[in-house]
$ cat structure.txt   # compact mmCIF, C-alpha atoms
# COMPACT_ATOMS: atom_id res chain seq x y z
CA MET I 4 38.83 -6.17 55.63
CA LYS I 5 38.97 -3.50 58.31
CA TRP I 6 35.45 -2.40 57.46
CA ILE I 7 34.24 -6.01 57.75
CA LYS I 8 35.91 -6.35 61.16
CA ASN I 9 34.28 -3.14 62.36
CA HIS I 10 30.86 -4.03 60.95
CA LYS I 11 30.56 -7.75 61.61
CA ILE I 12 26.75 -7.97 61.74
CA ILE I 13 26.25 -5.78 58.66
CA SER I 14 28.79 -7.98 56.84
CA VAL I 15 26.87 -11.10 57.88
CA ILE I 16 23.59 -9.56 56.67
CA ILE I 17 25.13 -8.65 53.30
CA ALA I 18 26.65 -12.13 52.97
CA VAL I 19 23.33 -13.82 53.82
CA LEU I 20 21.49 -11.58 51.34
CA ILE I 21 23.99 -12.41 48.57
CA LEU I 22 23.64 -16.10 49.42
CA SER I 23 19.84 -15.74 49.48
CA ALA I 24 19.84 -14.01 46.10
CA GLY I 25 21.85 -16.85 44.56
CA MET I 26 19.68 -19.54 46.14
CA MET I 27 16.52 -17.67 45.19
CA ILE I 28 17.51 -17.46 41.53
CA ALA I 29 18.46 -21.15 41.55
CA SER I 30 15.24 -22.25 43.28
CA ILE I 31 12.99 -20.14 41.02
CA ALA I 32 14.81 -21.43 37.94
CA SER I 33 14.34 -25.03 39.12
CA GLY I 34 10.66 -24.45 39.93
CA GLY I 35 11.23 -24.76 43.67
CA ALA I 36 13.01 -28.11 43.58
CA GLY I 37 15.18 -28.55 46.65
CA ASN I 38 18.92 -29.11 46.84
CA GLY I 39 21.37 -30.53 49.37
CA ALA I 40 21.25 -27.46 51.62
CA THR I 41 17.45 -27.36 51.78
CA GLY I 42 17.38 -31.13 52.33
CA ALA I 43 19.69 -30.89 55.33
CA ALA I 44 17.91 -27.83 56.77
CA GLY I 45 14.52 -29.46 56.30
CA THR I 46 15.59 -32.72 57.94
CA VAL I 47 17.16 -30.99 60.98
CA ILE I 48 14.30 -28.53 61.53
CA THR I 49 11.57 -31.13 60.96
CA THR I 50 13.22 -33.57 63.37
CA ILE I 51 13.43 -30.91 66.09
CA GLU I 52 9.96 -29.48 65.62
CA ARG I 53 8.01 -32.72 65.11
CA PRO I 54 7.46 -33.29 68.88
CA PHE I 55 6.28 -29.69 69.27
CA SER I 56 3.78 -30.07 66.41
CA ALA I 57 2.55 -33.34 67.89
CA ALA I 58 2.19 -31.71 71.34
CA ALA I 59 0.33 -28.72 69.89
CA GLY I 60 -1.94 -31.03 67.92
CA ALA I 61 -2.72 -33.05 71.04
CA ILE I 62 -3.37 -29.92 73.12
CA TYR I 63 -5.64 -28.46 70.44
CA SER I 64 -7.64 -31.66 69.92
CA ASN I 65 -8.11 -32.17 73.66
CA ILE I 66 -9.27 -28.60 74.24
CA SER I 67 -11.54 -28.54 71.20
CA GLY I 68 -12.84 -31.99 72.12
CA ILE I 69 -13.89 -30.76 75.56
CA LEU I 70 -15.37 -27.53 74.22
CA SER I 71 -17.32 -29.16 71.42
CA TYR I 72 -18.52 -32.28 73.21
CA LYS I 73 -22.17 -31.79 72.23
CA ASP I 74 -21.33 -31.10 68.58
CA LEU I 75 -19.14 -34.19 68.47
CA GLN I 76 -21.92 -36.33 69.93
CA LYS I 77 -24.32 -35.00 67.30
CA GLU I 78 -21.76 -35.59 64.55
CA ASN I 79 -21.19 -39.09 65.87
CA ASP I 80 -24.91 -39.90 65.63
CA GLN I 81 -25.02 -38.55 62.07
CA LEU I 82 -21.94 -40.56 61.10
CA GLN I 83 -23.42 -43.73 62.59
CA SER I 84 -26.61 -43.41 60.57
CA GLU I 85 -24.56 -42.52 57.47
CA ASN I 86 -22.39 -45.56 58.11
CA GLU I 87 -25.44 -47.81 58.21
CA LYS I 88 -26.63 -46.42 54.87
CA LEU I 89 -23.21 -46.86 53.33
CA LYS I 90 -22.99 -50.45 54.58
CA GLN I 91 -26.32 -51.17 52.89
CA GLU I 92 -25.10 -49.50 49.69
CA LEU I 93 -21.90 -51.51 49.85
CA ILE I 94 -23.83 -54.74 50.08
CA ASN I 95 -25.94 -53.72 47.09
CA MET I 96 -22.92 -52.76 45.05
CA LYS I 97 -20.80 -55.80 45.82
CA LEU I 98 -20.01 -58.04 42.93
CA THR I 99 -20.94 -61.65 43.32
CA ASN I 100 -18.08 -64.04 43.99
CA ASN I 101 -18.35 -65.53 40.55
CA GLU I 102 -18.19 -62.16 38.81
CA LEU I 103 -15.19 -61.14 40.91
CA THR I 104 -13.31 -64.35 40.13
CA GLU I 105 -14.12 -63.89 36.47
CA LEU I 106 -12.81 -60.32 36.50
CA LYS I 107 -9.65 -61.32 38.35
CA SER I 108 -8.79 -64.02 35.84
CA LEU I 109 -9.52 -61.63 32.98
CA SER I 110 -7.31 -58.96 34.60
CA LYS I 111 -4.51 -61.50 35.00
CA ALA I 112 -4.84 -62.66 31.42
CA LEU I 113 -4.62 -59.06 30.15
CA ASN I 114 -1.80 -58.17 32.58
CA TYR I 115 -3.87 -55.13 33.70
CA LYS I 116 -2.16 -52.96 36.30
CA GLY I 117 -4.77 -50.26 36.96
CA ILE I 118 -4.80 -46.56 36.06
CA SER I 119 -2.06 -45.19 38.25
CA GLY I 120 0.03 -48.34 38.26
CA SER I 121 0.42 -48.06 42.01
CA SER I 122 -1.99 -47.67 44.90
CA ASP I 123 0.25 -47.42 47.97
CA ILE I 124 -0.73 -44.55 50.21
CA VAL I 125 1.20 -42.82 52.99
CA SER I 126 -0.52 -40.48 55.45
CA GLY I 127 1.13 -37.54 57.13
CA ASP I 128 0.49 -34.49 59.28
CA VAL I 129 0.98 -30.92 58.15
CA ILE I 130 3.72 -29.58 60.39
CA SER I 131 4.23 -26.13 58.97
CA MET I 132 2.87 -23.66 56.47
CA ASP I 133 5.03 -21.27 54.46
CA GLY I 134 6.01 -17.78 55.68
CA THR I 135 2.79 -16.10 54.59
CA ASN I 136 -0.85 -16.71 55.38
CA TRP I 137 -1.97 -16.44 51.77
CA MET I 138 0.12 -19.02 49.97
CA ASN I 139 -0.77 -22.66 50.14
CA ILE I 140 2.54 -24.42 50.45
CA PHE I 141 3.12 -26.61 53.45
CA THR I 142 5.48 -29.18 54.90
CA ILE I 143 4.35 -32.65 55.97
CA ASP I 144 6.15 -35.03 58.33
CA VAL I 145 6.73 -37.91 55.92
CA GLY I 146 9.44 -38.11 53.29
CA THR I 147 11.74 -40.36 51.32
CA GLU I 148 12.01 -42.86 54.18
CA SER I 149 8.29 -43.59 53.63
CA GLY I 150 8.84 -43.94 49.90
CA ILE I 151 7.69 -40.46 48.88
CA LYS I 152 9.31 -38.86 45.86
CA THR I 153 9.01 -35.55 44.04
CA GLY I 154 5.84 -35.32 41.97
CA ASP I 155 3.73 -37.69 44.08
CA VAL I 156 0.06 -36.72 44.28
CA VAL I 157 -1.33 -35.47 47.60
CA TYR I 158 -4.99 -35.52 48.61
CA CYS I 159 -7.13 -35.40 51.74
CA GLY I 160 -10.65 -36.42 52.74
CA ASP I 161 -12.11 -33.38 50.97
CA GLY I 162 -10.31 -33.85 47.66
CA LEU I 163 -7.20 -33.08 45.65
CA VAL I 164 -4.53 -31.08 47.49
CA GLY I 165 -1.55 -30.92 45.10
CA ARG I 166 1.75 -32.64 44.58
CA VAL I 167 5.08 -33.08 46.35
CA GLN I 168 7.47 -30.38 45.19
CA SER I 169 10.56 -31.54 47.06
CA CYS I 170 11.25 -34.02 49.82
CA GLY I 171 13.88 -35.12 52.31
CA LYS I 172 14.30 -37.98 54.74
CA ASN I 173 11.36 -37.15 57.02
CA TRP I 174 9.68 -34.20 55.31
CA SER I 175 8.01 -33.23 52.06
CA LYS I 176 7.04 -29.81 50.75
CA VAL I 177 3.62 -29.90 49.15
CA VAL I 178 2.52 -27.31 46.63
CA SER I 179 -1.24 -26.98 46.24
CA ILE I 180 -3.11 -27.13 42.94
CA ILE I 181 -3.87 -23.40 43.17
CA ASP I 182 -0.20 -22.51 43.58
CA GLU I 183 0.85 -24.61 40.68
CA ASN I 184 1.62 -23.23 37.28
CA SER I 185 0.80 -26.60 35.76
CA LYS I 186 -2.73 -27.44 34.70
CA VAL I 187 -5.07 -30.19 35.93
CA SER I 188 -7.39 -32.04 33.57
CA PHE I 189 -10.90 -32.59 34.94
CA LYS I 190 -14.27 -34.20 34.27
CA VAL I 191 -17.66 -33.01 35.44
CA SER I 192 -18.89 -35.46 38.06
CA GLY I 193 -22.47 -35.64 36.76
CA ASN I 194 -21.46 -36.11 33.12
CA LEU I 195 -18.08 -37.77 32.71
CA GLN I 196 -17.92 -36.88 29.02
CA LEU I 197 -17.50 -33.20 29.85
CA ILE I 198 -13.75 -32.64 30.06
CA GLY I 199 -11.81 -29.48 30.78
CA VAL I 200 -8.56 -28.02 32.08
CA VAL I 201 -8.16 -26.01 35.27
CA GLU I 202 -5.33 -23.95 36.81
CA GLY I 203 -4.70 -21.54 39.70
CA SER I 204 -6.10 -18.01 39.47
CA SER I 205 -5.08 -14.72 41.07
CA ASP I 206 -7.78 -14.81 43.77
CA GLY I 207 -6.76 -18.13 45.30
CA THR I 208 -9.40 -20.15 43.48
CA LEU I 209 -9.23 -22.19 40.29
CA SER I 210 -10.25 -21.19 36.80
CA GLY I 211 -10.32 -23.15 33.58
CA PHE I 212 -12.17 -23.99 30.44
CA MET I 213 -14.09 -26.83 28.87
CA LEU I 214 -12.54 -28.59 25.88
CA ASP I 215 -15.94 -28.61 24.20
CA SER I 216 -17.12 -25.00 23.91
CA LYS I 217 -20.74 -26.19 23.80
CA ALA I 218 -20.41 -28.24 26.98
CA LYS I 219 -23.36 -27.81 29.29
CA VAL I 220 -21.80 -27.08 32.65
CA ALA I 221 -23.81 -25.49 35.42
CA GLU I 222 -22.93 -23.65 38.58
CA GLY I 223 -22.76 -26.12 41.46
CA ASP I 224 -21.47 -29.01 39.33
CA ARG I 225 -18.73 -30.99 41.06
CA ILE I 226 -15.54 -31.67 39.14
CA ILE I 227 -13.10 -34.55 39.54
CA THR I 228 -9.70 -35.38 38.06
CA SER I 229 -9.93 -37.03 34.66
CA GLY I 230 -6.89 -39.27 35.00
CA MET I 231 -4.90 -37.51 32.28
CA GLY I 232 -1.50 -36.26 33.47
CA ILE I 233 0.01 -37.01 36.86
CA TYR I 234 -3.25 -36.96 38.83
CA PRO I 235 -5.18 -40.27 39.06
CA ALA I 236 -8.84 -40.24 38.01
CA GLY I 237 -11.73 -39.68 40.37
CA ILE I 238 -10.31 -37.31 42.99
CA GLU I 239 -12.63 -34.39 43.72
CA ILE I 240 -11.22 -30.98 42.78
CA GLY I 241 -14.04 -28.59 43.63
CA LYS I 242 -17.35 -27.04 42.67
CA VAL I 243 -18.15 -24.82 39.68
CA THR I 244 -19.03 -21.33 40.91
CA LYS I 245 -19.28 -19.46 37.61
CA VAL I 246 -19.71 -20.37 33.95
CA LYS I 247 -19.13 -17.84 31.21
CA TYR I 248 -18.70 -18.16 27.46
CA ASP I 249 -15.66 -16.25 26.22
CA SER I 250 -16.57 -15.18 22.68
CA ASP I 251 -13.01 -13.96 21.92
CA GLU I 252 -11.39 -17.30 22.69
CA GLN I 253 -14.57 -19.26 21.88
CA LEU I 254 -14.24 -21.22 25.08
CA GLU I 255 -16.62 -22.08 27.90
CA LYS I 256 -14.77 -20.66 30.92
CA VAL I 257 -15.40 -21.89 34.45
CA ASN I 258 -14.45 -20.69 37.92
CA ILE I 259 -14.04 -23.39 40.53
CA LYS I 260 -13.99 -23.24 44.30
CA PRO I 261 -11.59 -25.93 45.58
CA SER I 262 -13.21 -28.49 47.86
CA VAL I 263 -10.14 -28.44 50.11
CA SER I 264 -9.59 -25.64 52.60
CA PHE I 265 -5.82 -25.40 52.14
CA ALA I 266 -5.19 -22.99 54.98
CA THR I 267 -6.68 -25.31 57.59
CA LEU I 268 -5.30 -28.65 56.41
CA GLN I 269 -3.97 -30.96 59.11
CA LYS I 270 -3.83 -34.47 57.67
CA VAL I 271 -3.08 -35.52 54.11
CA SER I 272 -2.34 -38.69 52.17
CA VAL I 273 0.29 -39.18 49.49
CA ILE I 274 -0.17 -41.61 46.61
CA LEU I 275 3.16 -43.33 46.00
CA MET T 10 21.27 -8.44 73.67
CA LYS T 11 24.05 -10.97 73.48
CA LEU T 12 24.38 -12.82 70.19
CA TRP T 13 24.07 -16.29 71.72
CA LYS T 14 20.89 -15.29 73.55
CA GLY T 15 19.49 -13.95 70.30
CA ILE T 16 20.32 -17.19 68.46
CA ILE T 17 18.53 -19.25 71.15
CA ILE T 18 15.45 -17.01 71.03
CA TYR T 19 15.26 -17.08 67.22
CA ALA T 20 15.84 -20.86 67.09
CA ALA T 21 13.05 -21.32 69.63
CA ALA T 22 10.78 -19.12 67.49
CA LEU T 23 11.57 -21.18 64.38
CA VAL T 24 10.77 -24.42 66.20
CA LEU T 25 7.68 -23.04 67.94
CA GLN T 26 6.16 -21.55 64.78
CA PRO T 27 4.31 -24.81 63.87
CA PHE T 28 3.13 -25.03 67.49
CA ILE T 29 1.46 -21.62 67.07
CA ASN T 30 0.02 -22.71 63.69
CA TYR T 31 -1.55 -25.74 65.32
CA LEU T 32 -3.23 -23.73 68.05
CA THR T 33 -5.19 -21.65 65.53
CA PRO T 34 -5.91 -24.20 62.81
CA HIS T 35 -9.44 -23.20 61.89
CA THR T 36 -8.59 -19.58 61.22
CA GLY T 37 -5.92 -20.38 58.66
CA PHE T 38 -3.95 -17.42 59.98
CA THR T 39 -1.12 -17.23 62.43
CA ALA T 40 1.50 -14.90 63.84
CA ASN T 41 4.95 -14.75 62.26
CA LEU T 42 7.21 -15.16 65.29
CA ILE T 43 10.50 -14.40 63.52
CA LEU T 44 9.08 -11.23 62.01
CA VAL T 45 7.70 -10.01 65.34
CA LEU T 46 11.01 -10.77 67.09
CA THR T 47 12.93 -8.83 64.44
CA VAL T 48 10.63 -5.80 64.74
CA ILE T 49 10.57 -5.68 68.55
CA ILE T 50 14.31 -6.34 69.07
CA THR T 51 15.26 -3.76 66.44
CA PHE T 52 12.86 -1.28 68.04
CA ILE T 53 13.79 -1.57 71.69
CA TYR T 54 17.53 -2.29 71.60
CA ASP T 55 19.71 0.73 70.94
CA ASP T 56 23.23 -0.71 70.89
CA ASP T 57 22.50 -4.16 69.46
CA GLU T 58 19.71 -3.21 67.09
CA MET T 59 21.50 -4.79 64.10
CA ILE T 60 21.41 -8.19 65.87
CA GLY T 61 17.64 -8.30 65.34
CA ILE T 62 17.99 -7.63 61.61
CA GLY T 63 20.94 -10.00 61.23
CA LEU T 64 19.27 -12.90 63.03
CA GLY T 65 15.96 -12.15 61.32
CA THR T 66 17.66 -12.41 57.92
CA VAL T 67 19.51 -15.64 58.80
CA PHE T 68 16.42 -17.31 60.30
CA GLY T 69 14.24 -15.98 57.47
CA LEU T 70 16.57 -17.86 55.12
CA LEU T 71 16.42 -21.02 57.29
CA SER T 72 12.64 -20.79 57.39
CA ASP T 73 12.54 -20.52 53.59
CA MET T 74 14.82 -23.53 53.28
CA ALA T 75 12.62 -25.63 55.51
CA PHE T 76 9.12 -24.45 54.64
CA GLY T 77 9.05 -22.11 51.62
CA GLN T 78 8.47 -22.82 47.97
CA TYR T 79 11.49 -20.75 46.97
CA ILE T 80 14.58 -19.98 49.05
CA GLY T 81 15.30 -16.33 49.78
CA PRO T 82 12.07 -14.28 49.77
CA GLY T 83 11.77 -14.57 53.57
CA ALA T 84 15.35 -13.42 54.13
CA PHE T 85 14.99 -10.41 51.81
CA SER T 86 11.58 -9.42 53.22
CA MET T 87 12.92 -9.70 56.77
CA ALA T 88 16.02 -7.58 56.00
CA ILE T 89 13.98 -4.86 54.27
CA THR T 90 11.43 -4.81 57.11
CA GLY T 91 14.16 -4.67 59.76
CA ILE T 92 15.97 -1.79 58.01
CA THR T 93 12.64 0.09 57.74
CA VAL T 94 12.02 -0.37 61.48
CA LEU T 95 15.55 0.89 62.13
CA PHE T 96 14.73 4.02 60.14
CA LEU T 97 11.27 4.54 61.67
CA LYS T 98 12.38 4.07 65.29
CA GLY T 99 14.14 7.43 65.05
CA PHE T 100 10.69 9.04 65.00
CA ALA T 101 9.15 6.94 67.77
CA ASN T 102 9.51 6.93 71.55
CA ARG T 103 10.77 3.50 72.55
CA ASP T 104 9.23 3.68 76.04
CA ASN T 105 5.67 3.79 74.70
CA PHE T 106 4.29 0.36 73.80
CA VAL T 107 1.83 1.88 71.31
CA ASN T 108 4.77 2.76 69.06
CA GLY T 109 5.85 -0.88 69.17
CA ILE T 110 2.39 -1.97 68.08
CA VAL T 111 2.24 0.59 65.27
CA LEU T 112 5.65 -0.57 64.01
CA THR T 113 4.46 -4.19 64.16
CA LEU T 114 1.41 -3.24 62.04
CA ILE T 115 3.52 -1.43 59.45
CA SER T 116 6.08 -4.24 59.41
CA THR T 117 3.45 -6.94 58.87
CA TRP T 118 2.13 -5.09 55.84
CA LEU T 119 5.61 -4.32 54.50
CA TYR T 120 6.90 -7.89 54.98
CA SER T 121 3.89 -9.36 53.19
CA SER T 122 4.13 -6.82 50.38
CA VAL T 123 7.84 -7.48 49.74
CA TYR T 124 7.22 -11.24 49.96
CA TRP T 125 4.34 -10.96 47.49
CA LEU T 126 6.45 -8.78 45.14
CA ILE T 127 9.23 -11.38 45.00
CA TYR T 128 6.74 -14.16 44.30
CA PHE T 129 4.98 -11.97 41.72
CA MET T 130 8.31 -11.59 39.91
CA ALA T 131 8.64 -15.38 40.08
CA LYS T 132 5.25 -15.59 38.28
CA SER T 133 3.11 -16.61 41.24
CA PRO T 134 -0.59 -16.55 40.26
CA TYR T 135 -1.80 -14.54 43.28
CA SER T 136 -2.96 -10.93 43.01
CA TYR T 137 -1.86 -8.30 45.53
CA VAL T 138 -5.45 -7.79 46.70
CA TYR T 139 -5.82 -11.51 47.43
CA ALA T 140 -2.53 -11.59 49.35
CA MET T 141 -3.52 -8.55 51.41
CA LYS T 142 -6.91 -10.00 52.34
CA THR T 143 -5.23 -12.08 55.02
CA ILE T 144 -3.25 -9.16 56.45
CA PRO T 145 -5.76 -7.71 58.98
CA LEU T 146 -6.05 -10.92 61.01
CA GLN T 147 -2.32 -11.57 60.80
CA MET T 148 -1.77 -8.03 62.09
CA VAL T 149 -3.93 -8.83 65.11
CA PHE T 150 -1.96 -12.02 65.89
CA ASN T 151 1.39 -10.29 65.34
CA CYS T 152 0.37 -7.37 67.58
CA ILE T 153 -0.61 -9.73 70.42
CA ILE T 154 2.73 -11.57 70.22
CA GLY T 155 4.56 -8.27 69.69
CA LEU T 156 2.99 -6.72 72.79
CA ILE T 157 3.96 -9.72 74.93
CA LEU T 158 7.55 -9.60 73.61
CA TYR T 159 7.72 -5.84 74.10
CA LEU T 160 6.58 -6.05 77.72
CA VAL T 161 9.11 -8.81 78.45
CA LEU T 162 12.11 -7.32 76.65
CA ILE T 163 11.59 -3.65 77.53
CA LYS T 164 12.32 -4.48 81.17
CA LYS T 165 15.84 -5.46 80.13
CA THR T 166 16.54 -2.27 78.19
CA ALA T 167 14.60 0.43 80.07
CA LYS T 168 14.25 -0.58 83.71
CA TYR T 169 12.35 2.47 84.93
CA ARG T 170 10.51 3.43 81.78
CA LYS T 171 7.29 4.40 83.62
CA ASP T 172 8.94 6.61 86.22
CA ARG T 173 8.32 9.88 84.47
CA TYR T 174 4.61 9.11 84.12
CA ILE T 175 4.03 7.83 87.64
CA ARG T 176 5.97 10.35 89.72

$ encode --input "structure.txt" --output "structure tokens"
Amino acid sequence: MKWIKNHKIISVIIAVLILSAGMMIASIASGGAGNGATGAAGTVITTIERPFSAAAGAIYSNISGILSYKDLQKENDQLQSENEKLKQELINMKLTNNELTELKSLSKALNYKGISGSSDIVSGDVISMDGTNWMNIFTIDVGTESGIKTGDVVYCGDGLVGRVQSCGKNWSKVVSIIDENSKVSFKVSGNLQLIGVVEGSSDGTLSGFMLDSKAKVAEGDRIITSGMGIYPAGIEIGKVTKVKYDSDEQLEKVNIKPSVSFATLQKVSVIL
Amino acid sequence: MKLWKGIIIYAAALVLQPFINYLTPHTGFTANLILVLTVIITFIYDDDEMIGIGLGTVFGLLSDMAFGQYIGPGAFSMAITGITVLFLKGFANRDNFVNGIVLTLISTWLYSSVYWLIYFMAKSPYSYVYAMKTIPLQMVFNCIIGLILYLVLIKKTAKYRKDRYIR
């Protein structure tokens, strides 16, 4: 006791390290799932820092908007022409009213609920990354009060991001697909019969294999989620960068570059 | 440094960390404010040097709780880095800012290495080479923040540090 009184800060450090060790073992064992303490800390810190993140976001977008005025104007012109093309495509692809009514009545008769069973989407801003610059775990500013729960799928405009690992009242921790130990089932965009499984690799990309060892996959092919497992079908995962036949395992192995730049993410959507 | 002042500074760093992240979004890299504070405070304060390590460990834990995948790696990495700075400062002249920068460089590498090691033991898929690829740019950001902190805080601890060079 006397030693503790004489060495207060050292005692605090030792106590915090013992506490950290216990919490670390518990969090690793639970796969990173949060508990009451992390929930409270997350809610308090997120509530305090949300205005700062919003202010920084506003400052950055204003400055970059001024600096890149010409680029934005050019991009705007491109988007407008693209929009016109898409509108035309949409008109061509629209079902006729009769066909739509027919499909709706058929869907009702069969009690069809769709692939994911739910299509509600919540959007949020990334408010903080983890303590390193090489891991791809981040916190977003929406949580259970928006209906988010652990395991919900997260994506952005570029493609699949990952899933919610833990969440609190106004925050959610998102773990990316390359940080995950779990595997994602995919299809090749050009040929939807080519199915495979992909997982995170040691160099921050994705690697996987095709279920059919004779599958004809080429470098540059885009891959999308197959709909098997927790991820709904049709979300872009990335592009095949390398294809190699592994004669030992008799598998067609593929390396994939994710379509999402995880380190620079700012806005994401969560499928509820 | 008084404890309450330290707590305010570290709390501000924890809250301002996302602000810094937002200002450099396209690089994907950012400075680690809590780490830099721990290194500089431990380096330039003689009597209260343990405050830097203590607060660094506590706020490393809080940061893990709020933003990390697992709870604890940040606290351990911060404590090990702080203790290393405490050891290395015995060989460095506190009045020279270059020593502060060198310690910040070493600390950035050490912190990331310990952090990676803990995650490696937790079966994270990343290789050491991949994790270290991001280090050079993070070192640059940390050194810039570290230099600013050094120049602000050194005035409190060594008021006439340049006297011997000027006169």

$ atom_distance --input "structure.txt" --atom1 "CA of Leu25 in chain T" --atom2 "CA of Ala57 in chain I"
11.5 Å

$ atom_distance --input "structure.txt" --atom1 "CA of Val157 in chain I" --atom2 "CA of Tyr234 in chain I"
9.1 Å

$ residues_around --input "structure.txt" --residues "Trp125 in chain T" --least-positions-apart "5" --cutoff "9 Å" --atoms "all atoms listed in the file" --output "number ranges by chain"
I: 135; T: 82, 120, 130, 133, 135-137, 140

$ closest_residue --input "structure.txt" --among "T:Leu70, T:Leu12, T:Arg103, T:Gly63" --to "Leu162 in chain T" --atoms "only C-alpha atoms"
T:Arg103

$ residues_near_point --input "structure.txt" --point "(24.2, -12.6, 64.4)" --cutoff "9 Å" --atoms "all atoms listed in the file" --output "number ranges by chain"
I: 11-12, 15-16; T: 12-13, 15-16, 59-65, 67

$ closest_residue --input "structure.txt" --among "I:Thr267, I:Ser179, I:Thr147, I:Ser14" --to "chain T" --atoms "only C-alpha atoms"
I:Thr267

$ atom_distance --input "structure.txt" --atom1 "CA of Ala221 in chain I" --atom2 "CA of Val138 in chain T"
27.9 Å
